[in-house]
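Visitor: Quick one, input_7.txt (compact mmCIF, C-alpha atoms):
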```txt
# COMPACT_ATOMS: atom_id res chain seq x y z
CA MET A 811 12.37 -142.60 -63.47
CA THR A 812 10.89 -142.40 -59.99
CA ASP A 813 14.48 -142.11 -58.77
CA PHE A 814 14.87 -138.81 -60.55
CA ALA A 815 11.56 -137.53 -59.18
CA GLU A 816 12.62 -138.55 -55.68
CA ILE A 817 16.02 -136.93 -55.96
CA TRP A 818 14.45 -133.76 -57.37
CA GLY A 819 11.84 -133.76 -54.63
CA TYR A 820 14.63 -133.84 -52.09
CA LEU A 821 17.08 -131.46 -53.77
CA GLY A 822 14.41 -128.99 -54.88
CA ARG A 823 13.78 -128.13 -51.24
CA ASP A 824 17.46 -127.98 -50.30
CA PRO A 825 19.01 -124.46 -50.18
CA LEU A 826 22.25 -125.89 -51.60
CA LEU A 827 20.68 -126.54 -55.02
CA TRP A 828 19.40 -122.97 -55.48
CA LEU A 829 22.55 -121.39 -54.13
CA THR A 830 24.64 -123.45 -56.57
CA LEU A 831 22.32 -122.68 -59.50
CA THR A 832 22.43 -118.94 -58.70
CA LEU A 833 26.23 -118.93 -58.85
CA ALA A 834 26.26 -121.17 -61.94
CA ALA A 835 23.79 -118.94 -63.80
CA TYR A 836 25.93 -115.90 -62.99
CA VAL A 837 29.10 -117.68 -64.18
CA ILE A 838 27.34 -118.41 -67.49
CA GLY A 839 26.14 -114.80 -67.76
CA ASP A 840 29.61 -113.49 -67.00
CA ALA A 841 31.17 -115.80 -69.58
CA GLY A 842 28.64 -114.57 -72.17
CA SER A 843 29.55 -110.99 -71.33
CA ARG A 844 33.27 -111.75 -71.71
CA VAL A 845 32.77 -113.50 -75.05
CA SER A 846 30.88 -110.44 -76.36
CA GLY A 847 33.87 -108.26 -75.41
CA ARG A 848 31.88 -106.82 -72.44
CA HIS A 849 29.26 -105.35 -74.74
CA PRO A 850 26.78 -103.44 -72.50
CA VAL A 851 23.74 -105.15 -74.06
CA VAL A 852 25.03 -108.58 -72.92
CA ASN A 853 24.49 -107.98 -69.19
CA PRO A 854 25.52 -110.88 -66.89
CA VAL A 855 22.78 -110.11 -64.35
CA LEU A 856 20.02 -110.09 -66.97
CA ILE A 857 21.29 -113.39 -68.44
CA ALA A 858 21.46 -115.04 -64.99
CA VAL A 859 17.97 -113.81 -64.08
CA VAL A 860 16.49 -115.15 -67.34
CA ILE A 861 18.18 -118.56 -66.88
CA LEU A 862 16.97 -118.89 -63.26
CA ALA A 863 13.46 -117.64 -64.07
CA LEU A 864 13.19 -120.28 -66.82
CA ILE A 865 14.38 -123.02 -64.42
CA LEU A 866 11.83 -121.95 -61.77
CA TRP A 867 9.10 -121.89 -64.40
CA ALA A 868 10.06 -125.28 -65.89
CA THR A 869 10.22 -126.98 -62.49
CA ALA A 870 7.18 -125.15 -61.05
CA THR A 871 9.33 -124.00 -58.11
CA PRO A 872 7.90 -121.10 -56.05
CA TYR A 873 10.14 -118.05 -55.65
CA GLN A 874 10.08 -118.49 -51.85
CA VAL A 875 11.68 -121.95 -52.20
CA TYR A 876 14.33 -120.55 -54.56
CA PHE A 877 15.04 -117.71 -52.15
CA GLU A 878 15.73 -120.14 -49.28
CA GLY A 879 18.99 -120.92 -51.08
CA ALA A 880 19.61 -117.61 -52.81
CA GLN A 881 19.29 -115.60 -49.59
CA PHE A 882 22.94 -116.27 -48.77
CA VAL A 883 23.94 -114.27 -51.84
CA HIS A 884 21.21 -111.68 -51.26
CA PHE A 885 22.43 -111.13 -47.69
CA MET A 886 25.75 -109.81 -48.99
CA LEU A 887 24.01 -106.72 -50.43
CA GLY A 888 24.15 -105.13 -46.96
CA PRO A 889 27.92 -105.54 -46.44
CA ALA A 890 28.38 -104.49 -50.11
CA THR A 891 26.61 -101.20 -49.37
CA VAL A 892 28.93 -100.61 -46.41
CA ALA A 893 31.91 -101.56 -48.60
CA LEU A 894 31.09 -98.68 -51.00
CA ALA A 895 32.95 -96.57 -48.44
CA VAL A 896 36.22 -98.11 -49.74
CA PRO A 897 36.17 -96.57 -53.28
CA LEU A 898 34.63 -93.37 -51.87
CA HIS A 899 37.52 -93.07 -49.41
CA ALA A 900 40.08 -93.64 -52.18
CA GLN A 901 38.58 -90.69 -54.12
CA LEU A 902 38.26 -88.26 -51.19
CA PRO A 903 40.91 -85.74 -52.39
CA ARG A 904 39.33 -85.49 -55.87
CA LEU A 905 35.93 -85.37 -54.23
CA ARG A 906 36.88 -82.20 -52.34
CA ARG A 907 38.15 -80.51 -55.48
CA ALA A 908 34.91 -81.01 -57.43
CA LEU A 909 32.50 -80.60 -54.54
CA LEU A 910 30.09 -78.04 -56.00
CA PRO A 911 29.76 -79.65 -59.47
CA MET A 912 29.13 -83.01 -57.79
CA VAL A 913 26.46 -81.72 -55.43
CA GLY A 914 24.67 -79.98 -58.32
CA ALA A 915 24.85 -82.99 -60.63
CA LEU A 916 23.85 -85.37 -57.83
CA VAL A 917 20.68 -83.52 -56.86
CA THR A 918 19.78 -82.96 -60.53
CA GLY A 919 20.40 -86.58 -61.52
CA VAL A 920 18.47 -88.16 -58.64
CA ALA A 921 15.51 -85.77 -58.93
CA VAL A 922 15.26 -85.96 -62.75
CA SER A 923 15.52 -89.75 -62.75
CA SER A 924 12.72 -90.32 -60.21
CA ALA A 925 10.41 -87.49 -61.28
CA THR A 926 10.45 -88.08 -65.05
CA ALA A 927 10.04 -91.85 -64.62
CA VAL A 928 6.99 -91.39 -62.37
CA TRP A 929 5.47 -88.66 -64.59
CA ILE A 930 5.81 -90.75 -67.76
CA GLY A 931 4.48 -93.82 -65.93
CA GLN A 932 1.51 -91.84 -64.61
CA ALA A 933 0.74 -90.43 -68.07
CA LEU A 934 0.75 -93.97 -69.50
CA GLY A 935 -1.51 -95.36 -66.74
CA VAL A 936 1.02 -97.46 -64.81
CA ASP A 937 -0.15 -98.89 -61.43
CA ARG A 938 0.53 -96.99 -58.21
CA VAL A 939 2.70 -99.71 -56.66
CA VAL A 940 4.84 -99.79 -59.83
CA LEU A 941 5.23 -95.99 -59.69
CA LEU A 942 6.41 -96.21 -56.08
CA SER A 943 8.79 -99.03 -57.00
CA MET A 944 10.27 -96.74 -59.70
CA VAL A 945 11.20 -93.90 -57.32
CA PRO A 946 14.52 -95.40 -56.07
CA LYS A 947 15.43 -97.09 -59.40
CA SER A 948 18.69 -95.16 -59.91
CA ALA A 949 20.19 -96.22 -56.58
CA THR A 950 22.27 -99.37 -56.27
CA ALA A 951 20.06 -102.43 -55.62
CA ALA A 952 21.20 -102.83 -52.01
CA VAL A 953 19.75 -99.42 -51.15
CA ALA A 954 16.89 -99.32 -53.64
CA LEU A 955 15.31 -102.49 -52.22
CA GLY A 956 15.25 -101.14 -48.68
CA VAL A 957 13.91 -97.77 -49.82
CA SER A 958 11.22 -99.37 -51.98
CA GLU A 959 9.91 -101.37 -49.03
CA GLN A 960 9.93 -98.25 -46.86
CA ILE A 961 7.83 -96.14 -49.27
CA GLY A 962 5.28 -98.85 -50.10
CA GLY A 963 6.71 -100.15 -53.36
CA SER A 964 7.52 -103.77 -54.19
CA PRO A 965 11.17 -104.64 -53.45
CA THR A 966 11.36 -107.50 -55.96
CA LEU A 967 9.85 -105.30 -58.69
CA THR A 968 12.29 -102.52 -57.78
CA ALA A 969 15.16 -104.99 -58.15
CA VAL A 970 14.11 -105.66 -61.74
CA LEU A 971 13.62 -101.94 -62.49
CA VAL A 972 17.06 -101.16 -61.00
CA ILE A 973 18.79 -103.78 -63.15
CA VAL A 974 17.00 -102.67 -66.33
CA THR A 975 17.79 -99.00 -65.55
CA GLY A 976 21.48 -99.85 -65.07
CA ALA A 977 21.65 -101.82 -68.32
CA MET A 978 19.89 -99.00 -70.23
CA GLY A 979 22.25 -96.40 -68.77
CA ALA A 980 25.29 -98.50 -69.70
CA ILE A 981 24.03 -98.83 -73.27
CA VAL A 982 22.99 -95.20 -73.94
CA ALA A 983 25.69 -93.33 -71.98
CA THR A 984 28.52 -93.26 -74.55
CA PRO A 985 26.45 -92.34 -77.66
CA LEU A 986 24.36 -89.85 -75.64
CA LEU A 987 27.33 -88.02 -74.06
CA ASN A 988 29.20 -87.99 -77.38
CA ALA A 989 26.16 -86.40 -79.02
CA LEU A 990 26.16 -83.74 -76.26
CA GLN A 991 29.89 -83.17 -77.00
CA MET A 992 30.67 -83.70 -73.32
CA ARG A 993 34.47 -83.90 -72.95
CA ASP A 994 34.86 -83.70 -69.15
CA TRP A 995 35.42 -87.34 -68.10
CA ARG A 996 34.50 -86.48 -64.53
CA ALA A 997 31.09 -85.14 -65.63
CA ARG A 998 30.47 -88.13 -67.93
CA GLY A 999 31.33 -90.74 -65.32
CA PHE A 1000 29.63 -89.03 -62.41
CA ALA A 1001 26.31 -88.60 -64.26
CA VAL A 1002 26.30 -92.27 -65.30
CA GLY A 1003 27.05 -93.44 -61.74
CA VAL A 1004 24.24 -91.30 -60.32
CA ALA A 1005 21.64 -92.44 -62.88
CA ALA A 1006 22.73 -96.04 -63.56
CA HIS A 1007 24.55 -97.17 -60.34
CA GLY A 1008 26.97 -100.14 -60.43
CA ILE A 1009 26.07 -101.44 -63.88
CA GLY A 1010 26.67 -97.95 -65.33
CA ALA A 1011 29.86 -97.57 -63.29
CA ALA A 1012 31.20 -100.91 -64.57
CA ARG A 1013 30.67 -99.61 -68.11
CA ALA A 1014 32.32 -96.26 -67.29
CA PHE A 1015 35.44 -98.08 -66.00
CA GLN A 1016 35.73 -99.79 -69.41
CA VAL A 1017 35.55 -96.48 -71.28
CA HIS A 1018 37.89 -94.32 -69.17
CA GLU A 1019 39.57 -94.65 -65.78
CA THR A 1020 38.63 -91.16 -64.56
CA ALA A 1021 35.04 -91.71 -65.74
CA GLY A 1022 34.98 -94.97 -63.79
CA ALA A 1023 36.30 -93.40 -60.59
CA PHE A 1024 33.72 -90.62 -60.73
CA ALA A 1025 30.99 -93.11 -61.59
CA ALA A 1026 31.85 -95.00 -58.40
CA ILE A 1027 31.55 -91.75 -56.41
CA GLY A 1028 28.29 -90.94 -58.18
CA MET A 1029 26.88 -94.36 -57.37
CA GLY A 1030 27.77 -94.05 -53.67
CA LEU A 1031 26.39 -90.53 -53.29
CA SER A 1032 23.27 -91.40 -55.30
CA ALA A 1033 22.59 -94.24 -52.85
CA ILE A 1034 22.83 -91.86 -49.88
CA LEU A 1035 20.72 -89.08 -51.42
CA THR A 1036 18.09 -91.53 -52.72
CA ALA A 1037 17.72 -92.98 -49.23
CA LEU A 1038 17.18 -89.47 -47.83
CA LEU A 1039 15.06 -88.04 -50.66
CA ALA A 1040 12.91 -90.99 -51.80
CA PRO A 1041 10.34 -90.78 -48.96
CA VAL A 1042 9.85 -87.07 -49.74
CA LEU A 1043 9.77 -87.60 -53.52
CA ALA A 1044 7.35 -90.50 -53.19
CA GLY A 1045 4.92 -88.44 -51.11
CA TRP A 1046 5.11 -85.60 -53.58
CA LEU A 1047 5.07 -87.54 -56.88
CA VAL A 1048 2.68 -90.34 -55.89
CA PRO A 1049 0.25 -88.84 -53.35
CA ALA A 1050 -1.63 -91.34 -51.17
CA GLY A 1051 -5.17 -92.22 -52.20
CA MET B 716 40.42 -111.19 -44.37
CA VAL B 717 38.30 -112.41 -41.43
CA LEU B 718 39.11 -109.26 -39.44
CA SER B 719 38.35 -107.16 -42.52
CA LEU B 720 34.93 -108.79 -42.98
CA THR B 721 34.19 -108.60 -39.26
CA LEU B 722 34.83 -104.86 -39.28
CA ILE B 723 32.53 -104.33 -42.28
CA LEU B 724 29.74 -106.37 -40.65
CA GLY B 725 30.37 -104.44 -37.43
CA PHE B 726 29.85 -101.10 -39.22
CA GLN B 727 26.68 -102.48 -40.81
CA LEU B 728 25.40 -103.57 -37.40
CA ALA B 729 26.22 -100.17 -35.91
CA GLY B 730 24.46 -98.48 -38.84
CA VAL B 731 21.34 -100.61 -38.44
CA VAL B 732 21.18 -99.96 -34.69
CA LEU B 733 21.78 -96.22 -35.14
CA ALA B 734 19.14 -95.90 -37.90
CA GLN B 735 16.62 -97.74 -35.68
CA LEU B 736 17.38 -95.78 -32.51
CA MET B 737 17.29 -92.38 -34.23
CA ARG B 738 14.38 -93.38 -36.50
CA LEU B 739 16.36 -92.20 -39.54
CA PRO B 740 14.69 -92.52 -42.98
CA VAL B 741 17.94 -94.12 -44.24
CA PRO B 742 18.51 -97.89 -44.60
CA GLY B 743 20.89 -99.21 -41.90
CA PRO B 744 23.61 -100.35 -44.36
CA VAL B 745 23.79 -96.81 -45.84
CA MET B 746 24.29 -95.46 -42.33
CA GLY B 747 27.00 -98.15 -41.92
CA MET B 748 28.72 -96.90 -45.09
CA VAL B 749 28.73 -93.32 -43.78
CA LEU B 750 30.12 -94.45 -40.41
CA MET B 751 32.85 -96.50 -42.08
CA LEU B 752 33.77 -93.65 -44.44
CA ILE B 753 34.20 -91.32 -41.46
CA ALA B 754 36.26 -93.94 -39.61
CA MET B 755 38.47 -94.52 -42.69
CA ALA B 756 39.07 -90.78 -43.06
CA VAL B 757 40.09 -90.56 -39.40
CA SER B 758 42.27 -93.66 -39.22
CA ASP B 759 44.63 -94.84 -41.99
CA ARG B 760 45.17 -98.07 -40.08
CA LEU B 761 41.44 -98.88 -40.16
CA ALA B 762 41.25 -97.93 -43.85
CA GLY B 763 43.98 -100.47 -44.59
CA LEU B 764 42.21 -103.14 -42.55
CA VAL B 765 38.77 -102.92 -44.23
CA ARG B 766 40.08 -102.52 -47.80
CA PRO B 767 40.71 -106.24 -48.67
CA ALA B 768 37.20 -107.52 -47.85
CA GLY B 769 35.61 -104.31 -49.19
CA GLN B 770 37.25 -104.69 -52.58
CA GLY B 771 36.50 -108.42 -52.57
CA ILE B 772 32.77 -107.87 -52.07
CA LEU B 773 32.54 -105.05 -54.60
CA ALA B 774 34.37 -107.05 -57.28
CA HIS B 775 31.29 -109.27 -57.54
CA LEU B 776 28.66 -106.63 -56.83
CA SER B 777 26.46 -107.53 -59.80
CA LEU B 778 26.17 -111.19 -58.67
CA LEU B 779 24.41 -109.95 -55.52
CA PHE B 780 21.52 -108.47 -57.57
CA VAL B 781 20.59 -111.86 -59.05
CA PRO B 782 18.38 -113.34 -56.25
CA ALA B 783 16.26 -110.17 -56.06
CA GLY B 784 16.16 -109.96 -59.85
CA VAL B 785 14.72 -113.48 -60.10
CA GLY B 786 11.75 -112.01 -58.19
CA VAL B 787 10.65 -110.93 -61.68
CA VAL B 788 8.82 -114.29 -61.88
CA GLY B 789 6.25 -112.89 -59.43
CA HIS B 790 5.63 -109.82 -61.60
CA LEU B 791 5.30 -111.29 -65.08
CA GLY B 792 1.57 -110.41 -65.14
CA THR B 793 2.22 -106.74 -64.32
CA LEU B 794 5.19 -106.54 -66.66
CA GLY B 795 3.30 -108.22 -69.49
CA ALA B 796 0.44 -105.72 -69.40
CA GLN B 797 2.41 -102.56 -68.51
CA GLY B 798 5.83 -103.57 -69.83
CA PRO B 799 6.04 -101.13 -72.76
CA ALA B 800 4.93 -98.17 -70.59
CA ILE B 801 7.39 -99.11 -67.82
CA GLY B 802 10.20 -99.61 -70.34
CA LEU B 803 9.56 -96.22 -71.93
CA ALA B 804 9.47 -94.49 -68.52
CA LEU B 805 12.79 -96.11 -67.52
CA LEU B 806 14.51 -95.33 -70.83
CA VAL B 807 13.47 -91.67 -71.13
CA SER B 808 14.13 -90.93 -67.43
CA THR B 809 17.58 -92.55 -67.57
CA VAL B 810 18.57 -90.60 -70.71
CA LEU B 811 17.33 -87.32 -69.20
CA ALA B 812 19.03 -87.98 -65.84
CA ILE B 813 22.43 -88.74 -67.44
CA ALA B 814 22.24 -85.75 -69.79
CA ALA B 815 21.06 -83.31 -67.09
CA GLY B 816 23.59 -84.59 -64.53
CA ALA B 817 26.55 -84.31 -66.93
CA LEU B 818 25.51 -80.85 -68.17
CA VAL B 819 25.07 -79.48 -64.62
CA PHE B 820 28.45 -80.96 -63.57
CA ALA B 821 30.28 -79.46 -66.57
CA LEU B 822 28.57 -76.08 -66.16
CA LEU B 823 29.38 -75.80 -62.43
CA ALA B 824 32.95 -77.03 -63.03
CA ARG B 825 33.43 -74.22 -65.55
CA LEU B 826 31.87 -71.60 -63.25
CA THR B 827 33.99 -72.57 -60.26
CA GLY B 828 37.09 -73.10 -62.40
CA GLY B 829 37.67 -76.43 -60.68
CA ARG B 830 40.02 -78.55 -62.77
CA ASP B 831 40.98 -82.13 -62.17
CA ASP B 832 44.67 -82.79 -61.29
```
Please lay out the structure from this file as structure tokens.

Guide:
Amino acid sequence: MTDFAEIWGYLGRDPLLWLTLTLAAYVIGDAGSRVSGRHPVVNPVLIAVVILALILWATATPYQVYFEGAQFVHFMLGPATVALAVPLHAQLPRLRRALLPMVGALVTGVAVSSATAVWIGQALGVDRVVLLSMVPKSATAAVALGVSEQIGGSPTLTAVLVIVTGAMGAIVATPLLNALQMRDWRARGFAVGVAAHGIGAARAFQVHETAGAFAAIGMGLSAILTALLAPVLAGWLVPAG
Amino acid sequence: MVLSLTLILGFQLAGVVLAQLMRLPVPGPVMGMVLMLIAMAVSDRLAGLVRPAGQGILAHLSLLFVPAGVGVVGHLGTLGAQGPAIGLALLVSTVLAIAAGALVFALLARLTGGRDD
């Protein structure tokens, strides 16, 4: 039995173990999502996070040790943000044609998302650092984490809020927009991309191709506007002191 | 593929440097995305070069959220006590943001008469 303890003692500090487990947990989450027919409630990221959190808890491994290995995956968030230019570029002609509706919906979506979340949180007595971490929650994680750090929130908490927001958006979008009798697929997709980033956009692609394309645009523009607007919104919604 | 990835990392690097030098309130990678979008619009050749790696990275975008998401283990105390309030704030704000965004889009599209295709 000491053999196992020794091996664990060695492997537990090796980045390879945590990198492998991160990928394995995601493969399991993705398989679960596929089995459910890509049902929005069965989110691969949420499943992977729960599996890894349980492993860390069961083995009493600090997050910092886990992150030594997982940082190689985390690093790719930066290049992924840059890569958003690829789908944006592919949609440029349609982007020009719907410029005014997109600008209006973008500003509305980003402002409503941040402001109502902070107001409700404030009314219910949520901590200041949590409120600040909520401000960029609609932007894709790559951007939201950087913004959260900049405005005094907690990046790891923001990551969780971003994922939960995306999953909620993916779940409520179709019934909500049907209830509103919204038939413009561009409007449906764009609003979901702005409010629920990549997880919402992945859902929109399943529902309708045009909705998916506009969700991808919405996600990209939401990331840019959130980066610009969040410092202003944070100062206004969550005053210092 | 290597050239494609090198170009994307190069745009990220340029974005980070530019954001630092100009003290922009925008994360460097976002600046990198804007620079690359401009470059792709200007040069079809460049657009073709960065597309393979770009699509490859984005195909597994949700995997990249996992390491940060596992950071939840450091916030279980906060989430335990304030979880219901936080959950309600996220749910209501997301519903309102989607509804308001879609309504504004549809309204402006009707006003400007802009149709798709």

Visitor: Need the shell around Ala954 of chain A: protein/DNA/RNA residues with any atom at most 8 Å away, counting all atoms listed in the file. Skip same-chain ones fewer than 2 positions apart. Format as a short mmCIF file (atom, residue, chain, number, x, y, z; two decimals) with C-alpha atoms, in the frame of the given file?

Guide:
```cif
data_model
loop_
_atom_site.label_atom_id
_atom_site.label_comp_id
_atom_site.auth_asym_id
_atom_site.auth_seq_id
_atom_site.Cartn_x
_atom_site.Cartn_y
_atom_site.Cartn_z
CA PRO A 946 14.52 -95.40 -56.07
CA LYS A 947 15.43 -97.09 -59.40
CA SER A 948 18.69 -95.16 -59.91
CA ALA A 949 20.19 -96.22 -56.58
CA THR A 950 22.27 -99.37 -56.27
CA ALA A 951 20.06 -102.43 -55.62
CA ALA A 952 21.20 -102.83 -52.01
CA GLY A 956 15.25 -101.14 -48.68
CA VAL A 957 13.91 -97.77 -49.82
CA SER A 958 11.22 -99.37 -51.98
CA PRO A 965 11.17 -104.64 -53.45
CA THR A 968 12.29 -102.52 -57.78
CA ALA A 969 15.16 -104.99 -58.15
CA VAL A 972 17.06 -101.16 -61.00
CA ALA A 1033 22.59 -94.24 -52.85
CA THR A 1036 18.09 -91.53 -52.72
CA ALA A 1037 17.72 -92.98 -49.23
#
```

Visitor: Contacts of Leu728 of chain B at 10 Å or less, counting only C-alpha atoms, minus same-chain residues fewer than 6 places along, as a list of chain:residue names?

Guide: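 Listed by chain and then number, they are A:Gly888, A:Pro889, B:Leu722, B:Ala734, B:Gly743, B:Pro744, B:Met746, B:Gly747.
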
Visitor: Smallest atom-to-atom distance to chain B: which of A:Gly919, A:Gly819, A:Pro903, A:Pro850, using all atoms listed in the file?

Guide: A:Gly919

Visitor: Identify which of the residues A:Ala1011, A:Ala870, A:Ala980, A:Ala997 lies closest to chain B, counting all atoms listed in the file when measuring atom-to-atom distances.

Guide: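 For chain B, the nearest of the given residues is A:Ala997.
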
Visitor: Using all atoms listed in the file, which protein or nucleic acid residues come within 9 Å of Gly1008 of chain A? Drop anything in the same chain fewer than 4 positions from it, and give the result as a ChimeraX atom specification.

Guide: /A:949-951,976,1003,1012-1013,1025-1026,1029 /B:776-777

Visitor: Could you tell me how far atom CA of Leu821 of chain A lies from atom CA of Ile772 of chain B, in Å and to one decimal?

Guide: 28.4 Å

Visitor: Nearest to Ala754 of chain B: which of A:Ala858, A:Glu878, A:His899, A:Glu816 is it, counting only C-alpha atoms?

Guide: A:His899

Visitor: Using all atoms listed in the file and a cut-off of 7 Å, which residues of chain B sit close to chain A? Please list them as a ChimeraX atom specification.

Guide: /B:723-724,727,740-742,744-745,747-748,751-752,755-756,766,769,772-773,777-788,790,797,800-801,804-806,808-809,811-813,815-817,819-821,823-824,829

Visitor: Would you save the residues of that selection, restricted to C-alpha atoms, as a PDB file, in the coordinates of the input?

Guide:
```pdb
ATOM      1  CA  ILE B 723      32.530-104.330 -42.280  1.00  0.00           C
ATOM      2  CA  LEU B 724      29.740-106.370 -40.650  1.00  0.00           C
ATOM      3  CA  GLN B 727      26.680-102.480 -40.810  1.00  0.00           C
ATOM      4  CA  PRO B 740      14.690 -92.520 -42.980  1.00  0.00           C
ATOM      5  CA  VAL B 741      17.940 -94.120 -44.240  1.00  0.00           C
ATOM      6  CA  PRO B 742      18.510 -97.890 -44.600  1.00  0.00           C
ATOM      7  CA  PRO B 744      23.610-100.350 -44.360  1.00  0.00           C
ATOM      8  CA  VAL B 745      23.790 -96.810 -45.840  1.00  0.00           C
ATOM      9  CA  GLY B 747      27.000 -98.150 -41.920  1.00  0.00           C
ATOM     10  CA  MET B 748      28.720 -96.900 -45.090  1.00  0.00           C
ATOM     11  CA  MET B 751      32.850 -96.500 -42.080  1.00  0.00           C
ATOM     12  CA  LEU B 752      33.770 -93.650 -44.440  1.00  0.00           C
ATOM     13  CA  MET B 755      38.470 -94.520 -42.690  1.00  0.00           C
ATOM     14  CA  ALA B 756      39.070 -90.780 -43.060  1.00  0.00           C
ATOM     15  CA  ARG B 766      40.080-102.520 -47.800  1.00  0.00           C
ATOM     16  CA  GLY B 769      35.610-104.310 -49.190  1.00  0.00           C
ATOM     17  CA  ILE B 772      32.770-107.870 -52.070  1.00  0.00           C
ATOM     18  CA  LEU B 773      32.540-105.050 -54.600  1.00  0.00           C
ATOM     19  CA  SER B 777      26.460-107.530 -59.800  1.00  0.00           C
ATOM     20  CA  LEU B 778      26.170-111.190 -58.670  1.00  0.00           C
ATOM     21  CA  LEU B 779      24.410-109.950 -55.520  1.00  0.00           C
ATOM     22  CA  PHE B 780      21.520-108.470 -57.570  1.00  0.00           C
ATOM     23  CA  VAL B 781      20.590-111.860 -59.050  1.00  0.00           C
ATOM     24  CA  PRO B 782      18.380-113.340 -56.250  1.00  0.00           C
ATOM     25  CA  ALA B 783      16.260-110.170 -56.060  1.00  0.00           C
ATOM     26  CA  GLY B 784      16.160-109.960 -59.850  1.00  0.00           C
ATOM     27  CA  VAL B 785      14.720-113.480 -60.100  1.00  0.00           C
ATOM     28  CA  GLY B 786      11.750-112.010 -58.190  1.00  0.00           C
ATOM     29  CA  VAL B 787      10.650-110.930 -61.680  1.00  0.00           C
ATOM     30  CA  VAL B 788       8.820-114.290 -61.880  1.00  0.00           C
ATOM     31  CA  HIS B 790       5.630-109.820 -61.600  1.00  0.00           C
ATOM     32  CA  GLN B 797       2.410-102.560 -68.510  1.00  0.00           C
ATOM     33  CA  ALA B 800       4.930 -98.170 -70.590  1.00  0.00           C
ATOM     34  CA  ILE B 801       7.390 -99.110 -67.820  1.00  0.00           C
ATOM     35  CA  ALA B 804       9.470 -94.490 -68.520  1.00  0.00           C
ATOM     36  CA  LEU B 805      12.790 -96.110 -67.520  1.00  0.00           C
ATOM     37  CA  LEU B 806      14.510 -95.330 -70.830  1.00  0.00           C
ATOM     38  CA  SER B 808      14.130 -90.930 -67.430  1.00  0.00           C
ATOM     39  CA  THR B 809      17.580 -92.550 -67.570  1.00  0.00           C
ATOM     40  CA  LEU B 811      17.330 -87.320 -69.200  1.00  0.00           C
ATOM     41  CA  ALA B 812      19.030 -87.980 -65.840  1.00  0.00           C
ATOM     42  CA  ILE B 813      22.430 -88.740 -67.440  1.00  0.00           C
ATOM     43  CA  ALA B 815      21.060 -83.310 -67.090  1.00  0.00           C
ATOM     44  CA  GLY B 816      23.590 -84.590 -64.530  1.00  0.00           C
ATOM     45  CA  ALA B 817      26.550 -84.310 -66.930  1.00  0.00           C
ATOM     46  CA  VAL B 819      25.070 -79.480 -64.620  1.00  0.00           C
ATOM     47  CA  PHE B 820      28.450 -80.960 -63.570  1.00  0.00           C
ATOM     48  CA  ALA B 821      30.280 -79.460 -66.570  1.00  0.00           C
ATOM     49  CA  LEU B 823      29.380 -75.800 -62.430  1.00  0.00           C
ATOM     50  CA  ALA B 824      32.950 -77.030 -63.030  1.00  0.00           C
ATOM     51  CA  GLY B 829      37.670 -76.430 -60.680  1.00  0.00           C
TER      52      GLY B 829
END
```

Visitor: Using the file's own x, y and z axes, so that the box edges lie along x, y and z, what centre and edge lengths in Å (one decimal) does a box around every listed atom of segment 972-988 of chain A get when 3 Å is added on each side? Give it as lines of an AutoDock Vina configuration file.

Guide:
```
center_x = 23.1
center_y = -95.9
center_z = -69.3
size_x = 18.2
size_y = 21.8
size_z = 22.7
```

Visitor: Do you have the atom CA of Ile753 of chain B-atom CA of His1018 of chain A distance handy?

Guide: 28.1 Å

Visitor: I'd like the interatomic distance between atom CA of Arg938 of chain A and atom CA of Ala1050 of chain A, to a tenth of an Å.

Guide: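 Computing it gives 9.3 Å between the two atoms.
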
Visitor: Would you mind telling me which residue in B:Leu791, B:Leu750, B:Met716, B:Ala814 lies nearest to Val732 of chain B when using all atoms listed in the file?

Guide: B:Leu750
